[in-house]
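Shown next: query_37.cif, given as mmCIF, C-alpha atoms.
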```cif
data_model
loop_
_atom_site.label_atom_id
_atom_site.label_comp_id
_atom_site.auth_asym_id
_atom_site.auth_seq_id
_atom_site.Cartn_x
_atom_site.Cartn_y
_atom_site.Cartn_z
CA MET A 1382 -13.99 15.48 -11.81
CA LYS A 1383 -14.99 18.69 -13.57
CA GLY A 1384 -12.94 21.86 -13.64
CA PHE A 1385 -12.83 25.21 -15.44
CA VAL A 1386 -9.83 25.00 -17.77
CA PHE A 1387 -7.89 27.80 -19.45
CA HIS A 1388 -6.95 26.94 -23.05
CA GLY A 1389 -5.38 30.22 -24.10
CA PRO A 1390 -6.52 33.85 -24.39
CA GLY A 1391 -10.28 33.94 -24.83
CA GLN A 1392 -10.61 30.15 -24.57
CA SER A 1393 -11.90 28.22 -21.56
CA SER A 1394 -14.41 25.51 -20.69
CA TRP A 1395 -15.95 23.46 -17.85
CA GLU A 1396 -14.72 19.96 -18.64
CA ASP A 1397 -13.45 16.64 -17.33
CA VAL A 1398 -10.02 16.86 -15.69
CA PRO A 1399 -8.00 14.34 -13.64
CA ASP A 1400 -8.83 14.04 -9.97
CA PRO A 1401 -6.17 15.60 -7.74
CA ALA A 1402 -4.07 13.36 -5.51
CA VAL A 1403 -1.71 13.92 -2.60
CA LYS A 1404 1.77 14.40 -4.08
CA GLU A 1405 3.66 15.67 -1.04
CA PRO A 1406 3.21 14.88 2.66
CA THR A 1407 2.25 18.54 3.25
CA ASP A 1408 -0.68 18.44 0.77
CA ALA A 1409 -4.39 18.42 1.44
CA ILE A 1410 -7.21 17.55 -0.93
CA VAL A 1411 -10.28 19.77 -0.54
CA ARG A 1412 -13.75 19.04 -1.86
CA VAL A 1413 -14.84 22.43 -3.16
CA ASP A 1414 -18.18 23.73 -1.97
CA THR A 1415 -18.00 27.43 -2.84
CA VAL A 1416 -15.81 29.46 -5.18
CA THR A 1417 -15.77 32.93 -6.64
CA ILE A 1418 -14.24 34.61 -9.68
CA CYS A 1419 -11.53 37.24 -9.34
CA GLY A 1420 -10.65 40.11 -11.64
CA THR A 1421 -7.26 38.43 -11.98
CA ASP A 1422 -9.02 35.47 -13.62
CA LEU A 1423 -10.36 37.87 -16.24
CA HIS A 1424 -6.84 39.18 -16.80
CA ILE A 1425 -5.68 35.58 -17.34
CA LEU A 1426 -8.39 34.98 -19.92
CA LYS A 1427 -7.32 38.15 -21.73
CA GLY A 1428 -3.74 36.87 -21.91
CA ASP A 1429 -2.37 39.40 -19.41
CA VAL A 1430 -0.72 36.70 -17.26
CA PRO A 1431 1.44 34.70 -19.69
CA GLU A 1432 2.78 32.38 -16.96
CA VAL A 1433 -0.58 30.56 -16.92
CA ARG A 1434 -0.22 27.60 -19.25
CA PRO A 1435 -3.06 26.26 -21.39
CA GLY A 1436 -4.65 23.29 -19.64
CA THR A 1437 -4.56 24.92 -16.18
CA VAL A 1438 -7.65 24.82 -13.97
CA LEU A 1439 -8.31 28.41 -12.94
CA GLY A 1440 -9.27 29.87 -9.57
CA HIS A 1441 -7.50 30.70 -6.32
CA GLU A 1442 -10.36 31.18 -3.83
CA ALA A 1443 -12.55 28.50 -2.27
CA VAL A 1444 -14.37 27.14 0.74
CA GLY A 1445 -14.58 23.40 1.06
CA GLU A 1446 -14.09 20.27 3.13
CA ILE A 1447 -10.83 18.46 3.72
CA VAL A 1448 -11.14 14.92 2.34
CA GLU A 1449 -7.50 13.76 2.48
CA VAL A 1450 -4.23 14.99 3.94
CA GLY A 1451 -0.58 14.04 3.63
CA GLY A 1452 1.29 12.52 6.51
CA ASP A 1453 2.94 15.78 7.61
CA VAL A 1454 -0.24 17.87 7.87
CA ARG A 1455 -0.98 18.70 11.50
CA THR A 1456 -3.51 21.54 11.71
CA VAL A 1457 -6.45 20.14 9.71
CA ARG A 1458 -7.95 16.71 9.14
CA PRO A 1459 -10.60 15.12 6.93
CA GLY A 1460 -14.02 16.53 7.63
CA ASP A 1461 -12.80 20.04 8.51
CA ARG A 1462 -14.48 22.93 6.72
CA VAL A 1463 -11.80 25.34 5.54
CA LEU A 1464 -11.04 28.49 3.62
CA VAL A 1465 -8.49 27.93 0.85
CA SER A 1466 -6.24 31.00 0.72
CA CYS A 1467 -5.25 32.54 -2.59
CA ILE A 1468 -1.63 32.40 -1.35
CA THR A 1469 0.29 29.23 -0.52
CA ALA A 1470 3.07 29.44 2.07
CA CYS A 1471 5.90 26.97 2.62
CA GLY A 1472 6.63 28.49 6.05
CA ARG A 1473 10.38 27.93 5.78
CA CYS A 1474 11.88 30.36 3.29
CA ARG A 1475 13.07 33.86 4.17
CA TYR A 1476 9.91 35.56 2.91
CA CYS A 1477 7.57 33.22 4.78
CA ARG A 1478 9.54 33.71 8.00
CA GLU A 1479 9.03 37.46 7.55
CA GLY A 1480 5.29 37.07 6.82
CA GLY A 1481 5.78 37.83 3.12
CA TYR A 1482 3.94 34.71 1.96
CA GLY A 1483 3.11 36.16 -1.46
CA GLN A 1484 6.82 36.07 -2.33
CA CYS A 1485 7.39 32.52 -1.02
CA ARG A 1486 10.49 30.90 -2.55
CA GLY A 1487 9.76 27.40 -1.28
CA GLY A 1488 7.14 26.45 -3.85
CA GLY A 1489 4.37 28.72 -2.64
CA GLY A 1490 3.15 32.25 -3.34
CA TRP A 1491 0.34 32.67 -5.84
CA ILE A 1492 0.36 29.24 -7.44
CA LEU A 1493 -3.28 28.07 -7.40
CA GLY A 1494 -4.85 28.77 -10.79
CA HIS A 1495 -1.55 30.31 -11.87
CA LEU A 1496 1.28 27.79 -11.83
CA ILE A 1497 -0.75 24.73 -10.76
CA ASP A 1498 -4.39 23.69 -11.03
CA GLY A 1499 -6.69 25.92 -9.04
CA THR A 1500 -9.94 25.95 -7.13
CA GLN A 1501 -12.60 26.32 -9.84
CA ALA A 1502 -13.23 22.60 -9.82
CA GLU A 1503 -14.93 19.94 -7.76
CA TYR A 1504 -11.70 19.11 -5.89
CA VAL A 1505 -8.37 20.89 -5.45
CA ARG A 1506 -4.93 19.92 -4.16
CA VAL A 1507 -3.57 22.52 -1.74
CA PRO A 1508 0.19 22.37 -1.07
CA TYR A 1509 1.54 23.30 2.36
CA ALA A 1510 -1.90 22.90 3.87
CA ASP A 1511 -0.92 23.82 7.43
CA LEU A 1512 -0.32 27.46 6.42
CA SER A 1513 -2.51 27.64 3.32
CA VAL A 1514 -5.97 26.69 4.57
CA HIS A 1515 -7.88 28.17 7.50
CA PRO A 1516 -10.46 26.25 9.58
CA LEU A 1517 -13.77 28.09 9.51
CA PRO A 1518 -16.17 28.80 12.37
CA SER A 1519 -19.62 27.31 11.88
CA THR A 1520 -21.15 30.78 12.22
CA LEU A 1521 -19.54 32.04 9.00
CA ASP A 1522 -21.48 31.16 5.86
CA SER A 1523 -19.51 29.93 2.86
CA PRO A 1524 -20.48 32.80 0.48
CA ASP A 1525 -19.18 35.25 3.07
CA ALA A 1526 -16.09 33.25 3.95
CA VAL A 1527 -14.93 32.83 0.35
CA LEU A 1528 -14.52 36.61 0.04
CA LEU A 1529 -11.75 36.37 2.63
CA ALA A 1530 -9.63 34.14 0.39
CA ASP A 1531 -8.44 37.10 -1.67
CA ILE A 1532 -10.33 40.37 -2.06
CA PHE A 1533 -10.54 41.45 1.56
CA PRO A 1534 -6.92 40.65 2.49
CA THR A 1535 -5.75 42.12 -0.84
CA ALA A 1536 -7.65 45.37 -0.39
CA TYR A 1537 -6.62 45.61 3.26
CA GLU A 1538 -2.94 44.70 2.94
CA VAL A 1539 -1.97 46.00 -0.51
CA GLY A 1540 -4.28 49.01 -0.46
CA VAL A 1541 -5.00 50.22 3.07
CA LEU A 1542 -1.93 49.02 4.99
CA ASN A 1543 0.57 49.71 2.20
CA GLY A 1544 -1.05 53.10 1.71
CA ARG A 1545 -0.70 53.79 5.44
CA VAL A 1546 -4.21 55.13 5.88
CA ARG A 1547 -4.42 57.10 9.13
CA PRO A 1548 -7.14 58.86 11.11
CA GLY A 1549 -8.15 62.12 9.45
CA ASP A 1550 -6.83 61.21 5.99
CA THR A 1551 -8.51 61.84 2.68
CA VAL A 1552 -8.45 58.53 0.82
CA ALA A 1553 -9.12 58.31 -2.93
CA VAL A 1554 -10.08 54.87 -4.19
CA VAL A 1555 -9.94 54.63 -7.99
CA GLY A 1556 -12.08 51.71 -9.08
CA ALA A 1557 -15.28 50.57 -7.36
CA GLY A 1558 -15.12 46.90 -8.22
CA PRO A 1559 -14.94 44.28 -5.46
CA ILE A 1560 -11.36 45.20 -4.49
CA GLY A 1561 -12.13 48.91 -4.43
CA LEU A 1562 -15.24 48.37 -2.32
CA ALA A 1563 -13.32 46.15 0.09
CA ALA A 1564 -10.71 48.91 0.29
CA VAL A 1565 -13.45 51.37 1.24
CA ALA A 1566 -14.75 49.03 3.94
CA THR A 1567 -11.33 48.35 5.46
CA ALA A 1568 -10.07 51.93 5.15
CA ARG A 1569 -13.00 52.96 7.35
CA LEU A 1570 -11.45 50.93 10.16
CA PHE A 1571 -8.81 53.68 10.43
CA ALA A 1572 -11.26 56.60 10.72
CA PRO A 1573 -10.24 58.69 7.69
CA GLU A 1574 -11.86 62.09 7.36
CA ARG A 1575 -13.30 61.20 3.99
CA ILE A 1576 -13.17 58.51 1.30
CA VAL A 1577 -13.65 59.53 -2.33
CA VAL A 1578 -14.37 56.83 -4.91
CA VAL A 1579 -13.92 57.16 -8.68
CA ASP A 1580 -15.39 54.79 -11.25
CA LEU A 1581 -16.88 54.68 -14.74
CA ALA A 1582 -20.15 53.00 -13.71
CA PRO A 1583 -22.87 54.88 -11.79
CA SER A 1584 -24.12 51.59 -10.31
CA ARG A 1585 -20.73 50.91 -8.76
CA LEU A 1586 -20.57 54.41 -7.35
CA ASP A 1587 -23.94 53.74 -5.71
CA ALA A 1588 -22.41 50.59 -4.21
CA ALA A 1589 -19.44 52.64 -3.00
CA ARG A 1590 -21.77 54.96 -1.12
CA SER A 1591 -23.42 51.99 0.55
CA PHE A 1592 -19.98 50.75 1.65
CA GLY A 1593 -19.16 54.07 3.27
CA ALA A 1594 -17.76 56.39 0.59
CA ASP A 1595 -18.28 60.03 1.51
CA ALA A 1596 -18.06 61.33 -2.06
CA VAL A 1597 -18.07 59.74 -5.50
CA ALA A 1598 -17.09 60.88 -8.97
CA LEU A 1599 -17.55 59.51 -12.45
CA ALA A 1600 -14.17 58.99 -14.09
CA GLY A 1601 -15.08 61.27 -16.99
CA GLU A 1602 -16.37 64.15 -14.86
CA SER A 1603 -13.28 65.82 -13.36
CA PRO A 1604 -12.51 63.64 -10.31
CA GLU A 1605 -9.25 65.56 -9.89
CA GLN A 1606 -11.15 68.80 -9.40
CA LEU A 1607 -13.53 67.21 -6.88
CA ILE A 1608 -10.62 65.90 -4.79
CA ALA A 1609 -8.86 69.26 -5.01
CA ASP A 1610 -12.02 71.07 -3.90
CA LEU A 1611 -12.50 68.74 -0.94
CA THR A 1612 -8.90 69.16 0.24
CA ASP A 1613 -8.38 72.89 -0.34
CA GLY A 1614 -6.20 72.07 -3.32
CA LEU A 1615 -3.86 69.78 -1.40
CA GLY A 1616 -4.86 66.38 -2.80
CA ALA A 1617 -5.55 62.99 -1.28
CA ASP A 1618 -3.31 61.66 1.47
CA VAL A 1619 -3.67 58.15 0.04
CA ALA A 1620 -4.68 57.10 -3.48
CA ILE A 1621 -5.53 53.42 -3.95
CA GLU A 1622 -5.46 52.09 -7.53
CA ALA A 1623 -7.94 49.22 -7.79
CA VAL A 1624 -8.39 48.67 -11.54
CA GLY A 1625 -5.13 47.83 -13.29
CA VAL A 1626 -5.07 50.03 -16.39
CA PRO A 1627 -2.65 52.87 -17.21
CA GLU A 1628 -5.29 55.59 -16.97
CA THR A 1629 -6.29 54.75 -13.41
CA PHE A 1630 -2.71 54.47 -12.18
CA GLU A 1631 -1.81 57.82 -13.74
CA LEU A 1632 -4.94 59.38 -12.23
CA CYS A 1633 -3.81 58.24 -8.78
CA THR A 1634 -0.46 59.99 -9.23
CA ARG A 1635 -2.26 63.21 -10.16
CA VAL A 1636 -4.72 63.31 -7.26
CA VAL A 1637 -2.31 62.45 -4.41
CA ARG A 1638 -0.82 65.27 -2.33
CA PRO A 1639 2.90 65.95 -1.92
CA GLY A 1640 4.17 63.52 0.70
CA GLY A 1641 1.25 61.18 0.08
CA HIS A 1642 1.02 57.49 -0.76
CA VAL A 1643 -0.06 55.76 -3.97
CA ALA A 1644 -0.93 52.12 -3.29
CA ASN A 1645 -1.28 50.13 -6.50
CA VAL A 1646 -3.49 47.07 -6.11
CA GLY A 1647 -4.66 46.46 -9.68
CA VAL A 1648 -3.18 43.78 -11.95
CA HIS A 1649 -1.62 45.58 -14.91
CA GLY A 1650 -1.35 43.98 -18.33
CA LYS A 1651 0.06 47.07 -20.07
CA PRO A 1652 2.79 49.59 -19.26
CA ALA A 1653 1.78 52.75 -17.43
CA THR A 1654 3.67 56.02 -17.64
CA LEU A 1655 5.38 57.16 -14.46
CA HIS A 1656 5.76 60.93 -14.85
CA LEU A 1657 8.91 61.33 -12.80
CA GLU A 1658 9.49 64.71 -14.43
CA GLU A 1659 6.49 65.88 -12.37
CA LEU A 1660 6.60 63.50 -9.41
CA TRP A 1661 10.25 63.59 -8.36
CA ILE A 1662 9.71 66.72 -6.32
CA LYS A 1663 6.52 65.58 -4.54
CA ASN A 1664 8.02 63.19 -1.95
CA LEU A 1665 5.59 60.46 -2.94
CA THR A 1666 5.65 56.89 -1.73
CA LEU A 1667 4.54 54.42 -4.41
CA THR A 1668 3.86 50.81 -3.42
CA THR A 1669 2.95 47.74 -5.40
CA GLY A 1670 2.28 44.29 -4.07
CA LEU A 1671 0.91 40.81 -4.22
CA VAL A 1672 -1.15 40.03 -1.14
CA ASP A 1673 0.57 38.02 1.59
CA THR A 1674 -2.66 37.02 3.42
CA HIS A 1675 -1.00 37.52 6.81
CA SER A 1676 -4.18 39.37 7.82
CA THR A 1677 -6.57 36.52 6.96
CA PRO A 1678 -6.95 35.17 10.53
CA THR A 1679 -7.78 38.67 11.79
CA LEU A 1680 -10.25 39.30 8.98
CA LEU A 1681 -11.90 35.94 9.59
CA ARG A 1682 -12.50 36.87 13.21
CA MET A 1683 -13.92 40.22 12.18
CA ALA A 1684 -16.20 38.64 9.59
CA ALA A 1685 -17.45 36.06 12.09
CA ALA A 1686 -18.24 38.95 14.45
CA GLY A 1687 -20.19 40.77 11.73
CA ARG A 1688 -17.63 43.56 11.38
CA LEU A 1689 -17.09 43.25 7.60
CA PRO A 1690 -19.79 43.82 4.93
CA THR A 1691 -19.08 40.61 3.06
CA SER A 1692 -22.65 39.68 2.10
CA SER A 1693 -23.22 43.06 0.46
CA LEU A 1694 -20.61 42.25 -2.19
CA VAL A 1695 -22.34 39.11 -3.47
CA THR A 1696 -24.73 40.08 -6.26
CA HIS A 1697 -25.06 36.82 -8.22
CA THR A 1698 -25.00 33.13 -7.26
CA PHE A 1699 -24.67 30.11 -9.54
CA PRO A 1700 -24.28 26.35 -9.24
CA LEU A 1701 -20.70 25.22 -9.58
CA ASP A 1702 -21.20 23.81 -13.07
CA ALA A 1703 -22.47 27.17 -14.39
CA MET A 1704 -18.92 28.50 -14.54
CA ALA A 1705 -19.07 29.81 -18.11
CA GLU A 1706 -22.28 31.72 -17.39
CA ALA A 1707 -20.85 33.15 -14.18
CA TYR A 1708 -17.72 34.34 -16.00
CA ASP A 1709 -19.86 36.04 -18.64
CA VAL A 1710 -21.94 37.86 -16.01
CA PHE A 1711 -18.83 38.92 -14.07
CA ALA A 1712 -16.99 40.08 -17.19
CA ARG A 1713 -19.95 42.25 -18.23
CA ALA A 1714 -20.28 43.94 -14.85
CA ALA A 1715 -21.17 47.30 -16.38
CA ASP A 1716 -24.25 45.70 -17.95
CA THR A 1717 -25.12 43.11 -15.32
CA GLY A 1718 -24.34 45.07 -12.15
CA ALA A 1719 -22.20 42.21 -10.90
CA LEU A 1720 -19.86 42.81 -7.98
CA LYS A 1721 -18.94 39.34 -6.74
CA VAL A 1722 -20.35 36.16 -8.22
CA VAL A 1723 -20.35 33.08 -6.00
CA LEU A 1724 -20.69 29.53 -7.26
CA GLY A 1725 -21.75 26.45 -5.33
CA GLY A 1726 -22.94 26.38 -1.76
CA PRO A 1727 -22.46 24.70 1.58
CA ARG A 1728 -22.86 20.93 1.78
CA HIS A 1729 -22.94 20.21 5.50
CA ASP A 1730 -23.69 16.67 6.60
CA VAL A 1731 -26.76 16.30 8.76
CA VAL A 1732 -25.82 14.88 12.13
CA ALA A 1733 -28.54 13.10 14.04
CA VAL A 1734 -28.56 14.04 17.73
CA PRO A 1735 -30.03 11.29 19.92
CA ALA A 1736 -32.78 12.29 22.29
CA ALA A 1737 -31.77 12.76 25.89
#
```
Since I need it in another form, could you write the structure as structure tokens?
Amino acid sequence: MKGFVFHGPGQSSWEDVPDPAVKEPTDAIVRVDTVTICGTDLHILKGDVPEVRPGTVLGHEAVGEIVEVGGDVRTVRPGDRVLVSCITACGRCRYCREGGYGQCRGGGGWILGHLIDGTQAEYVRVPYADLSVHPLPSTLDSPDAVLLADIFPTAYEVGVLNGRVRPGDTVAVVGAGPIGLAAVATARLFAPERIVVVDLAPSRLDAARSFGADAVALAGESPEQLIADLTDGLGADVAIEAVGVPETFELCTRVVRPGGHVANVGVHGKPATLHLEELWIKNLTLTTGLVDTHSTPTLLRMAAAGRLPTSSLVTHTFPLDAMAEAYDVFARAADTGALKVVLGGPRHDVVAVPAA
């Protein structure tokens, strides 16, 4: 088969790789129909995630069809159309029993495209399939469904839920990429008074408005002052960091009010300064996190009911074998206007229905 292989920082290619096979009785093999590219994949290509070994197929999000399962798999069978979650869960360790699947100690967690071959290929092996794939309703299109593999549960769990967004809050979202926009969409579920979005790119701020932001600010044009003016000098109740660079994290700590929450979502490749000499007295709660995907079933139901703006995030589509081009477009988002790029498409078999 073909897969998109990481060969070291700045080096990758779409090339022949071995077909996956069932190794454990809890495995499933999925024929990949639709994938997307995550900002974390860009961090890997930059060398920010050193655990990823050269020769690894990248990707941790997909929609596809089950083609083979191990003998212990009970919840899916060949022919089922499924969402492949970015997080794999053994279901037995302490963290999995507590719903903390991202910290799984039984061979799961974030492993696809990280510690084992991932989804940016024609086929993928998914360990612990019973808890790591989700059957999809026929009403949910693949380009919409694939956004629920990572960005929506990540924004919702690590940003909105960790940040404890409540009715009447002022929420500052720093970064209007796909995660930041998904944070805007899911924060609105809690009826905040206002959502303020900060970004470097005017086009992404326009997108933030369309997703429900009440105010926007260019990163270089005094976002701290805007947030102070909107809150009578108090600051944001919740600041969600959705970029992963020191400047955006430090901005979040400056715009949050005393007693507020800073929810870091971004993947950081460099140290950021934590100004405890200023923050110790502010009663702040600072959270970090890898998504657990415990919310995925709920989000799938909401998406199927039309309650999440998934389609609005997809700006570019490509065939599966145009992986290098898709990465280039996604990496140059400031120039291309890319939010989410989706590769592939549904391949449903046509079933003949006999006449009555």
List the neighbours of A:Met1704 out to 12 Å using only C-alpha atoms; skip same-chain residues closer than 4 positions along the sequence, and give me the result as a VMD selection string. chain A and resid 1383 to 1386 1393 to 1396 1415 to 1418 1438 to 1440 1500 to 1503 1698 to 1700 1708 to 1711 1722 to 1725
How close does stretch 1581-1664 of chain A get to stretch 1537-1554 of chain A? List, as CSV, each residue of stretch 1581-1664 of chain A within 10 Å, its nearest atom pair and the distance in Å to one decimal, counting all atoms listed in the file.
```
residue,atom,partner,partner_atom,distance
A:Ala1589,CA,A:Val1554,CA,9.7
A:Ala1594,CA,A:Val1554,CA,9.2
A:Asp1595,CA,A:Val1552,CA,10.0
A:Ala1596,CA,A:Ala1553,CA,9.5
A:Val1597,CA,A:Ala1553,CA,9.4
A:Pro1604,CA,A:Ala1553,CA,9.7
A:Ile1608,CA,A:Ala1553,CA,8.0
A:Leu1611,CA,A:Thr1551,CA,8.8
A:Thr1612,CA,A:Thr1551,CA,7.7
A:Gly1616,CA,A:Thr1551,CA,8.0
A:Ala1617,CA,A:Thr1551,CA,5.1
A:Asp1618,CA,A:Thr1551,CA,5.3
A:Val1619,CA,A:Val1552,CA,4.9
A:Ala1620,CA,A:Ala1553,CA,4.6
A:Ile1621,CA,A:Val1554,CA,4.8
A:Glu1622,CA,A:Val1554,CA,6.3
A:Ala1623,CA,A:Val1554,CA,7.0
A:Val1624,CA,A:Val1554,CA,9.8
A:Thr1629,CA,A:Val1554,CA,10.0
A:Cys1633,CA,A:Ala1553,CA,7.9
A:Val1636,CA,A:Ala1553,CA,7.9
A:Val1637,CA,A:Ala1553,CA,8.1
A:Arg1638,CA,A:Thr1551,CA,9.8
A:Gly1641,CA,A:Gly1544,CA,8.6
A:His1642,CA,A:Gly1544,CA,5.4
A:Val1643,CA,A:Gly1544,CA,6.3
A:Ala1644,CA,A:Gly1544,CA,5.1
A:Asn1645,CA,A:Gly1540,CA,6.8
A:Val1646,CA,A:Val1539,CA,5.9
A:Gly1647,CA,A:Val1539,CA,9.6
```
Stretch 1417-1422 of chain A: axis-aligned bounding box, 8 Å on each side, centre and edge lengths in Å, one decimal, as lines of an AutoDock Vina configuration file:
```
center_x = -11.5
center_y = 36.5
center_z = -10.1
size_x = 24.5
size_y = 23.2
size_z = 23.0
```
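Candidate residues A:Ser1603, A:Ala1684, A:Asp1422, A:Pro1508 were compared for distance to A:Ala1566, and the nearest is A:Ala1684, using all atoms listed in the file.
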Take atom CA of A:Leu1689 and atom CA of A:Leu1521 and report the distance between them in Å, one decimal. 11.6 Å
Taking all atoms listed in the file into account, name the residue in A:Ala1705, A:Leu1720, A:Leu1512, A:Ile1532 that is nearest to A:Gln1392.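 Ranking A:Ala1705, A:Leu1720, A:Leu1512, A:Ile1532 by distance to A:Gln1392, first place goes to A:Ala1705.
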Measuring atom to atom with only C-alpha atoms, identify which of A:Leu1694, A:Ala1598, A:Leu1632, A:Leu1657 is nearest to A:Pro1583.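 Among the listed residues, the smallest separation from A:Pro1583 belongs to A:Ala1598.
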Residue nearest A:Gly1452 among A:Thr1437, A:Thr1717, A:Thr1421, A:Thr1407 (counting only C-alpha atoms):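 Using only C-alpha atoms, the shortest distance to A:Gly1452 belongs to A:Thr1407.
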